[in-house]
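Engineer: My structure is below; once you've seen it, I'll send some questions.
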Amino acid sequence: MASLTVTDEQVRATPAKVIQPAWVRVMHWVNALAMILMILSGWQIYNASPLFGFSFPREYTLGGWLGGGLLWHFAAMWLLMINGLAYLVTGFATGRFRRKLLPITPSGVLHDVRAALTFKLGHDDLTVYNYVQRLLYAGIIVVGVLIVLSGLGMWKPVQLYYLVMLFGDYPTARYVHFFCMAAICAFLVIHVLLALLVPKSLRAMIIGR
C-alpha cells in the first residue's frame, strides 16, 4: 500500500506536459480575433461592390456601412499583420514550423484523410500533428501571406503598384483576396469542428497543457 501511495503522489507531483507554449496561445487568440474582425468588416466592404451575384447578410457584417467597414478592416489589418509577422518570425526562429509541419507527403496526407473520414484518426499525442493538420496549417500560412499582399495592393494601388502587378491587375487582386477569404472561412469551420471533436486540443490552446 505504501508503494502505491508513493506512486500516486509521484503522479500528482509530475507536471502536465506543455502542449502549446504561451507565445503560441497568445498569438493564436489574437490572430483569431483579428481574423473575425477582418472577415466581418470585409463582408461589409464586399457588399458595397460585390464581385458575384450575392451579398452577405447585413447582420453578419461589421461597420454598418462602407466607411465603417473600412475603418474596422484597417484597424484589424494592423493587428493581424503585426501579430502574424511576429508568429512567422518566432515560428521559424524556434524551429516550431520545421518540427510541427514537416514533412508533408502525398501518401501521408491520403492515409490520414482516409483515417479521418472513417473516424480512425488518432489524437493521442497532441504534440504531433497528423498529415492533414500539417497540410491545413502550412496551407493557411500561404493563404495568409497572399491575402495580406493582395489586401495591401488594394489599399494603396498607386503607392504599392508592384503588389497589384504581382497579381496581374487590380480586379484580379480583388478576386485573389476574396478567394483567400473564402479559404480562411473554410479553414476556420474545419478548425472549430476538429476542436469540438477533440476537446483536449482546445483545452491545450487555452491553458497550454
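By order of appearance in the C-alpha cells: chains A, B, ..., then residues from 1 within every chain, and ligands from 1 in the order shown.
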Can you pull out the residues contacting Ala34 in chain A? Cut-off 8 Å, using only C-alpha atoms, and skip same-chain residues under 4 positions away; I want them as a list in words.

Structural biologist: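 The contact residues come out as Val30, Met38, Ala76, Met77, Leu79 and Leu80 of chain A.
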
Engineer: Create the file for the chosen residues now, containing N, CA, C and O atoms and written as an mmCIF file, in the first residue's frame.

Structural biologist:
```cif
data_model
loop_
_atom_site.group_PDB
_atom_site.id
_atom_site.type_symbol
_atom_site.label_atom_id
_atom_site.label_comp_id
_atom_site.auth_asym_id
_atom_site.auth_seq_id
_atom_site.Cartn_x
_atom_site.Cartn_y
_atom_site.Cartn_z
ATOM 1 N N VAL A 30 -5.091 36.149 -30.479
ATOM 2 C CA VAL A 30 -5.048 37.482 -31.089
ATOM 3 C C VAL A 30 -5.342 37.367 -32.583
ATOM 4 O O VAL A 30 -6.106 38.158 -33.157
ATOM 5 N N MET A 38 -11.689 41.086 -39.413
ATOM 6 C CA MET A 38 -11.403 41.369 -40.821
ATOM 7 C C MET A 38 -12.430 40.708 -41.737
ATOM 8 O O MET A 38 -12.839 41.291 -42.748
ATOM 9 N N ALA A 76 -8.133 46.245 -37.867
ATOM 10 C CA ALA A 76 -7.827 44.828 -37.669
ATOM 11 C C ALA A 76 -6.646 44.393 -38.526
ATOM 12 O O ALA A 76 -5.908 43.474 -38.165
ATOM 13 N N MET A 77 -6.456 45.080 -39.675
ATOM 14 C CA MET A 77 -5.352 44.746 -40.572
ATOM 15 C C MET A 77 -4.008 44.887 -39.869
ATOM 16 O O MET A 77 -3.144 44.000 -39.972
ATOM 17 N N LEU A 79 -3.422 44.844 -36.643
ATOM 18 C CA LEU A 79 -3.327 43.825 -35.599
ATOM 19 C C LEU A 79 -2.929 42.491 -36.204
ATOM 20 O O LEU A 79 -2.049 41.783 -35.682
ATOM 21 N N LEU A 80 -3.564 42.135 -37.313
ATOM 22 C CA LEU A 80 -3.267 40.865 -37.969
ATOM 23 C C LEU A 80 -1.852 40.839 -38.527
ATOM 24 O O LEU A 80 -1.131 39.837 -38.373
#
```

Engineer: Using DSSP on the backbone coordinates, identify all residues within range 16-176 of chain A classified as alpha helix (DSSP H); present the result as a ChimeraX atom specification.

Structural biologist: /A:22-48,66-93,96-101,106-117,131-155,161-166,170-176

Engineer: Quick one: distance from CA of Val142 in chain A to CA of Leu51 in chain A in Å, one decimal?

Structural biologist: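 Calculated distance between CA of Val142 in chain A and CA of Leu51 in chain A is 23.0 Å.
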
Engineer: Write out as a list in words the residues lying within 9 Å of Gly144 in chain A, counting only C-alpha atoms and excluding same-chain residues fewer than 3 positions away.

Structural biologist: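 What passes the distance filter is Gly84, Gly139, Ile140, Ile141, Ile147, Val148, Leu149, Cys180, Met181 and Ile184 of chain A.
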
Engineer: I need the chosen residues saved as a PDB file, in the first residue's frame, with all heavy atoms.

Structural biologist:
```
ATOM      1  N   GLY A  84       0.745  38.446 -37.018  1.00  0.00           N
ATOM      2  CA  GLY A  84       1.119  37.401 -37.966  1.00  0.00           C
ATOM      3  C   GLY A  84       2.605  37.393 -38.260  1.00  0.00           C
ATOM      4  O   GLY A  84       3.227  36.332 -38.348  1.00  0.00           O
ATOM      5  N   GLY A 139      -0.848  25.319 -45.361  1.00  0.00           N
ATOM      6  CA  GLY A 139      -1.614  25.974 -46.414  1.00  0.00           C
ATOM      7  C   GLY A 139      -2.197  27.297 -45.980  1.00  0.00           C
ATOM      8  O   GLY A 139      -2.187  28.272 -46.743  1.00  0.00           O
ATOM      9  N   ILE A 140      -2.679  27.355 -44.733  1.00  0.00           N
ATOM     10  CA  ILE A 140      -3.310  28.599 -44.278  1.00  0.00           C
ATOM     11  C   ILE A 140      -2.272  29.698 -44.074  1.00  0.00           C
ATOM     12  O   ILE A 140      -2.591  30.884 -44.179  1.00  0.00           O
ATOM     13  CB  ILE A 140      -4.117  28.363 -42.979  1.00  0.00           C
ATOM     14  CG1 ILE A 140      -5.239  29.407 -42.844  1.00  0.00           C
ATOM     15  CG2 ILE A 140      -3.229  28.376 -41.758  1.00  0.00           C
ATOM     16  CD1 ILE A 140      -6.250  29.372 -43.940  1.00  0.00           C
ATOM     17  N   ILE A 141      -1.021  29.321 -43.811  1.00  0.00           N
ATOM     18  CA  ILE A 141       0.040  30.320 -43.727  1.00  0.00           C
ATOM     19  C   ILE A 141       0.261  30.956 -45.101  1.00  0.00           C
ATOM     20  O   ILE A 141       0.383  32.181 -45.235  1.00  0.00           O
ATOM     21  CB  ILE A 141       1.349  29.691 -43.207  1.00  0.00           C
ATOM     22  CG1 ILE A 141       1.200  29.322 -41.723  1.00  0.00           C
ATOM     23  CG2 ILE A 141       2.526  30.649 -43.395  1.00  0.00           C
ATOM     24  CD1 ILE A 141       2.390  28.578 -41.156  1.00  0.00           C
ATOM     25  N   ILE A 147      -3.360  36.853 -48.824  1.00  0.00           N
ATOM     26  CA  ILE A 147      -4.449  37.782 -48.541  1.00  0.00           C
ATOM     27  C   ILE A 147      -3.911  39.126 -48.038  1.00  0.00           C
ATOM     28  O   ILE A 147      -4.488  40.178 -48.323  1.00  0.00           O
ATOM     29  CB  ILE A 147      -5.453  37.170 -47.536  1.00  0.00           C
ATOM     30  CG1 ILE A 147      -6.810  37.875 -47.648  1.00  0.00           C
ATOM     31  CG2 ILE A 147      -4.941  37.231 -46.094  1.00  0.00           C
ATOM     32  CD1 ILE A 147      -7.922  37.180 -46.901  1.00  0.00           C
ATOM     33  N   VAL A 148      -2.790  39.091 -47.322  1.00  0.00           N
ATOM     34  CA  VAL A 148      -2.177  40.338 -46.855  1.00  0.00           C
ATOM     35  C   VAL A 148      -1.590  41.110 -48.038  1.00  0.00           C
ATOM     36  O   VAL A 148      -1.799  42.319 -48.170  1.00  0.00           O
ATOM     37  CB  VAL A 148      -1.088  40.050 -45.805  1.00  0.00           C
ATOM     38  CG1 VAL A 148      -0.237  41.299 -45.558  1.00  0.00           C
ATOM     39  CG2 VAL A 148      -1.723  39.588 -44.495  1.00  0.00           C
ATOM     40  N   LEU A 149      -0.870  40.411 -48.923  1.00  0.00           N
ATOM     41  CA  LEU A 149      -0.260  41.085 -50.076  1.00  0.00           C
ATOM     42  C   LEU A 149      -1.316  41.666 -51.007  1.00  0.00           C
ATOM     43  O   LEU A 149      -1.199  42.811 -51.464  1.00  0.00           O
ATOM     44  CB  LEU A 149       0.641  40.107 -50.837  1.00  0.00           C
ATOM     45  CG  LEU A 149       1.890  39.619 -50.107  1.00  0.00           C
ATOM     46  CD1 LEU A 149       2.657  38.636 -50.972  1.00  0.00           C
ATOM     47  CD2 LEU A 149       2.782  40.785 -49.695  1.00  0.00           C
ATOM     48  N   CYS A 180      -9.114  33.956 -51.086  1.00  0.00           N
ATOM     49  CA  CYS A 180      -8.320  33.703 -49.888  1.00  0.00           C
ATOM     50  C   CYS A 180      -9.193  33.818 -48.644  1.00  0.00           C
ATOM     51  O   CYS A 180      -9.074  33.015 -47.704  1.00  0.00           O
ATOM     52  CB  CYS A 180      -7.151  34.683 -49.807  1.00  0.00           C
ATOM     53  SG  CYS A 180      -5.791  34.343 -50.936  1.00  0.00           S
ATOM     54  N   MET A 181     -10.089  34.816 -48.629  1.00  0.00           N
ATOM     55  CA  MET A 181     -11.030  34.953 -47.523  1.00  0.00           C
ATOM     56  C   MET A 181     -11.913  33.724 -47.405  1.00  0.00           C
ATOM     57  O   MET A 181     -12.147  33.205 -46.314  1.00  0.00           O
ATOM     58  CB  MET A 181     -11.887  36.203 -47.732  1.00  0.00           C
ATOM     59  CG  MET A 181     -12.974  36.449 -46.687  1.00  0.00           C
ATOM     60  SD  MET A 181     -14.514  35.526 -46.983  1.00  0.00           S
ATOM     61  CE  MET A 181     -15.038  36.212 -48.547  1.00  0.00           C
ATOM     62  N   ILE A 184      -9.972  30.917 -45.890  1.00  0.00           N
ATOM     63  CA  ILE A 184      -9.800  31.100 -44.451  1.00  0.00           C
ATOM     64  C   ILE A 184     -11.086  30.752 -43.711  1.00  0.00           C
ATOM     65  O   ILE A 184     -11.046  30.108 -42.648  1.00  0.00           O
ATOM     66  CB  ILE A 184      -9.365  32.550 -44.151  1.00  0.00           C
ATOM     67  CG1 ILE A 184      -7.932  32.776 -44.642  1.00  0.00           C
ATOM     68  CG2 ILE A 184      -9.461  32.849 -42.650  1.00  0.00           C
ATOM     69  CD1 ILE A 184      -7.475  34.215 -44.553  1.00  0.00           C
TER      70      ILE A 184
END
```

Engineer: Please, which residues in range 132-204 of chain A fall within 10 Å of range 93-100 of chain A when counting only C-alpha atoms, and what is the closest atom pair and distance in Å to one decimal for each, ordered by chain then residue number, as JSON lines?

Structural biologist:
```
{"residue": "A:Gln133", "atom": "CA", "partner": "A:Lys100", "partner_atom": "CA", "distance": 9.3}
{"residue": "A:Arg134", "atom": "CA", "partner": "A:Lys100", "partner_atom": "CA", "distance": 7.1}
{"residue": "A:Tyr137", "atom": "CA", "partner": "A:Lys100", "partner_atom": "CA", "distance": 9.5}
{"residue": "A:Ala138", "atom": "CA", "partner": "A:Phe97", "partner_atom": "CA", "distance": 8.5}
```

Engineer: Store the residues picked out above, limited to N, CA, C and O atoms, as an mmCIF file, in the first residue's frame.

Structural biologist:
```
data_model
loop_
_atom_site.group_PDB
_atom_site.id
_atom_site.type_symbol
_atom_site.label_atom_id
_atom_site.label_comp_id
_atom_site.auth_asym_id
_atom_site.auth_seq_id
_atom_site.Cartn_x
_atom_site.Cartn_y
_atom_site.Cartn_z
ATOM 1 N N GLN A 133 -3.432 17.890 -40.580
ATOM 2 C CA GLN A 133 -3.176 19.131 -39.846
ATOM 3 C C GLN A 133 -1.998 19.883 -40.436
ATOM 4 O O GLN A 133 -2.041 21.107 -40.597
ATOM 5 N N ARG A 134 -0.925 19.165 -40.766
ATOM 6 C CA ARG A 134 0.252 19.812 -41.342
ATOM 7 C C ARG A 134 -0.094 20.519 -42.644
ATOM 8 O O ARG A 134 0.319 21.669 -42.872
ATOM 9 N N TYR A 137 -2.409 23.621 -41.836
ATOM 10 C CA TYR A 137 -1.721 24.723 -41.178
ATOM 11 C C TYR A 137 -0.696 25.369 -42.093
ATOM 12 O O TYR A 137 -0.545 26.593 -42.112
ATOM 13 N N ALA A 138 0.036 24.555 -42.861
ATOM 14 C CA ALA A 138 1.001 25.119 -43.810
ATOM 15 C C ALA A 138 0.275 25.886 -44.906
ATOM 16 O O ALA A 138 0.694 26.983 -45.313
#
```

Engineer: Could you check which of A:Ala182, A:Met27, A:Leu160, A:Val128 is closest to Asn83 in chain A, using only C-alpha atoms?

Structural biologist: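 That would be A:Met27, the residue with the smallest distance to Asn83 in chain A.
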
Engineer: Write out as JSON, numbers by chain which residues come within 10 Å of Gly151 in chain A when counting only C-alpha atoms, dropping same-chain ones fewer than 5 positions away.

Structural biologist: {"A": [74, 77, 145, 146, 156, 157, 163, 164, 173, 174, 176, 177, 178]}

Engineer: Please write the residues from the selection above to a file, keeping C-alpha atoms, as an mmCIF file, in the first residue's frame.

Structural biologist:
```cif
data_model
loop_
_atom_site.group_PDB
_atom_site.id
_atom_site.type_symbol
_atom_site.label_atom_id
_atom_site.label_comp_id
_atom_site.auth_asym_id
_atom_site.auth_seq_id
_atom_site.Cartn_x
_atom_site.Cartn_y
_atom_site.Cartn_z
ATOM 1 C CA PHE A 74 -7.858 48.758 -41.489
ATOM 2 C CA MET A 77 -5.352 44.746 -40.572
ATOM 3 C CA VAL A 145 0.513 35.788 -46.915
ATOM 4 C CA LEU A 146 -1.487 36.056 -50.156
ATOM 5 C CA LYS A 156 -2.651 51.525 -51.809
ATOM 6 C CA PRO A 157 -2.800 50.567 -55.502
ATOM 7 C CA LEU A 163 1.927 44.354 -55.316
ATOM 8 C CA VAL A 164 -1.014 44.900 -57.656
ATOM 9 C CA ALA A 173 -6.138 41.191 -56.799
ATOM 10 C CA ARG A 174 -9.745 41.591 -55.598
ATOM 11 C CA VAL A 176 -7.481 36.646 -55.078
ATOM 12 C CA HIS A 177 -8.396 38.492 -51.892
ATOM 13 C CA PHE A 178 -11.954 37.141 -51.989
#
```

Engineer: So that I can check the surroundings of Ser201 in chain A, please list as an mmCIF file with N, CA, C and O atoms, in the first residue's frame every protein, DNA and RNA residue that reaches within 10 Å of it, counting only C-alpha atoms and ignoring chain neighbours fewer than 2 positions away.

Structural biologist:
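Listing of result_34.cif after writing:
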```cif
data_model
loop_
_atom_site.group_PDB
_atom_site.id
_atom_site.type_symbol
_atom_site.label_atom_id
_atom_site.label_comp_id
_atom_site.auth_asym_id
_atom_site.auth_seq_id
_atom_site.Cartn_x
_atom_site.Cartn_y
_atom_site.Cartn_z
ATOM 1 N N ILE A 19 1.733 21.407 -24.067
ATOM 2 C CA ILE A 19 1.373 21.125 -25.454
ATOM 3 C C ILE A 19 1.559 22.365 -26.322
ATOM 4 O O ILE A 19 2.147 22.311 -27.397
ATOM 5 N N GLN A 20 1.048 23.488 -25.836
ATOM 6 C CA GLN A 20 1.146 24.745 -26.579
ATOM 7 C C GLN A 20 1.818 25.786 -25.694
ATOM 8 O O GLN A 20 1.277 26.168 -24.662
ATOM 9 N N HIS A 123 -5.646 10.876 -31.968
ATOM 10 C CA HIS A 123 -5.255 12.182 -31.408
ATOM 11 C C HIS A 123 -4.664 11.979 -30.014
ATOM 12 O O HIS A 123 -4.850 12.816 -29.137
ATOM 13 N N ASP A 125 -1.442 11.876 -29.026
ATOM 14 C CA ASP A 125 -0.328 12.782 -28.732
ATOM 15 C C ASP A 125 -0.565 14.106 -29.446
ATOM 16 O O ASP A 125 -0.352 14.222 -30.657
ATOM 17 N N LEU A 126 -0.997 15.113 -28.694
ATOM 18 C CA LEU A 126 -1.313 16.404 -29.294
ATOM 19 C C LEU A 126 -0.076 17.193 -29.705
ATOM 20 O O LEU A 126 -0.191 18.214 -30.385
ATOM 21 N N THR A 127 1.104 16.734 -29.275
ATOM 22 C CA THR A 127 2.328 17.438 -29.654
ATOM 23 C C THR A 127 2.735 17.126 -31.087
ATOM 24 O O THR A 127 3.593 17.802 -31.653
ATOM 25 N N LEU A 194 -12.940 20.362 -35.631
ATOM 26 C CA LEU A 194 -11.928 19.454 -35.087
ATOM 27 C C LEU A 194 -11.696 19.715 -33.601
ATOM 28 O O LEU A 194 -11.488 18.781 -32.819
ATOM 29 N N ALA A 195 -11.740 20.990 -33.212
ATOM 30 C CA ALA A 195 -11.558 21.332 -31.799
ATOM 31 C C ALA A 195 -12.708 20.783 -30.956
ATOM 32 O O ALA A 195 -12.499 20.332 -29.826
ATOM 33 N N LEU A 196 -13.916 20.799 -31.514
ATOM 34 C CA LEU A 196 -15.071 20.262 -30.794
ATOM 35 C C LEU A 196 -15.013 18.735 -30.719
ATOM 36 O O LEU A 196 -15.436 18.137 -29.725
ATOM 37 N N LEU A 197 -14.482 18.108 -31.781
ATOM 38 C CA LEU A 197 -14.364 16.651 -31.784
ATOM 39 C C LEU A 197 -13.258 16.168 -30.859
ATOM 40 O O LEU A 197 -13.315 15.051 -30.333
ATOM 41 N N VAL A 198 -12.230 17.010 -30.680
ATOM 42 C CA VAL A 198 -11.105 16.664 -29.798
ATOM 43 C C VAL A 198 -10.968 17.783 -28.765
ATOM 44 O O VAL A 198 -10.095 18.650 -28.881
ATOM 45 N N PRO A 199 -11.828 17.795 -27.738
ATOM 46 C CA PRO A 199 -11.852 18.911 -26.774
ATOM 47 C C PRO A 199 -10.527 19.170 -26.086
ATOM 48 O O PRO A 199 -10.237 20.316 -25.722
ATOM 49 N N ARG A 203 -8.540 22.703 -24.982
ATOM 50 C CA ARG A 203 -8.022 22.966 -23.631
ATOM 51 C C ARG A 203 -6.540 23.307 -23.659
ATOM 52 O O ARG A 203 -6.094 24.220 -22.974
ATOM 53 N N ALA A 204 -5.808 22.585 -24.496
ATOM 54 C CA ALA A 204 -4.369 22.842 -24.605
ATOM 55 C C ALA A 204 -4.085 24.235 -25.159
ATOM 56 O O ALA A 204 -3.113 24.877 -24.772
ATOM 57 N N MET A 205 -4.963 24.721 -26.039
ATOM 58 C CA MET A 205 -4.760 26.047 -26.609
ATOM 59 C C MET A 205 -5.197 27.131 -25.637
ATOM 60 O O MET A 205 -4.862 28.302 -25.821
ATOM 61 N N ILE A 206 -5.888 26.777 -24.576
ATOM 62 C CA ILE A 206 -6.298 27.749 -23.564
ATOM 63 C C ILE A 206 -5.327 27.767 -22.385
ATOM 64 O O ILE A 206 -4.863 28.829 -21.975
ATOM 65 N N GLY A 208 -2.578 25.500 -22.195
ATOM 66 C CA GLY A 208 -1.250 25.058 -22.610
ATOM 67 C C GLY A 208 -0.941 23.603 -22.340
ATOM 68 O O GLY A 208 0.003 23.050 -22.900
ATOM 69 N N ARG A 209 -1.731 22.939 -21.476
ATOM 70 C CA ARG A 209 -1.409 21.566 -21.076
ATOM 71 C C ARG A 209 -2.580 20.628 -21.337
ATOM 72 O O ARG A 209 -3.688 21.072 -21.480
#
```
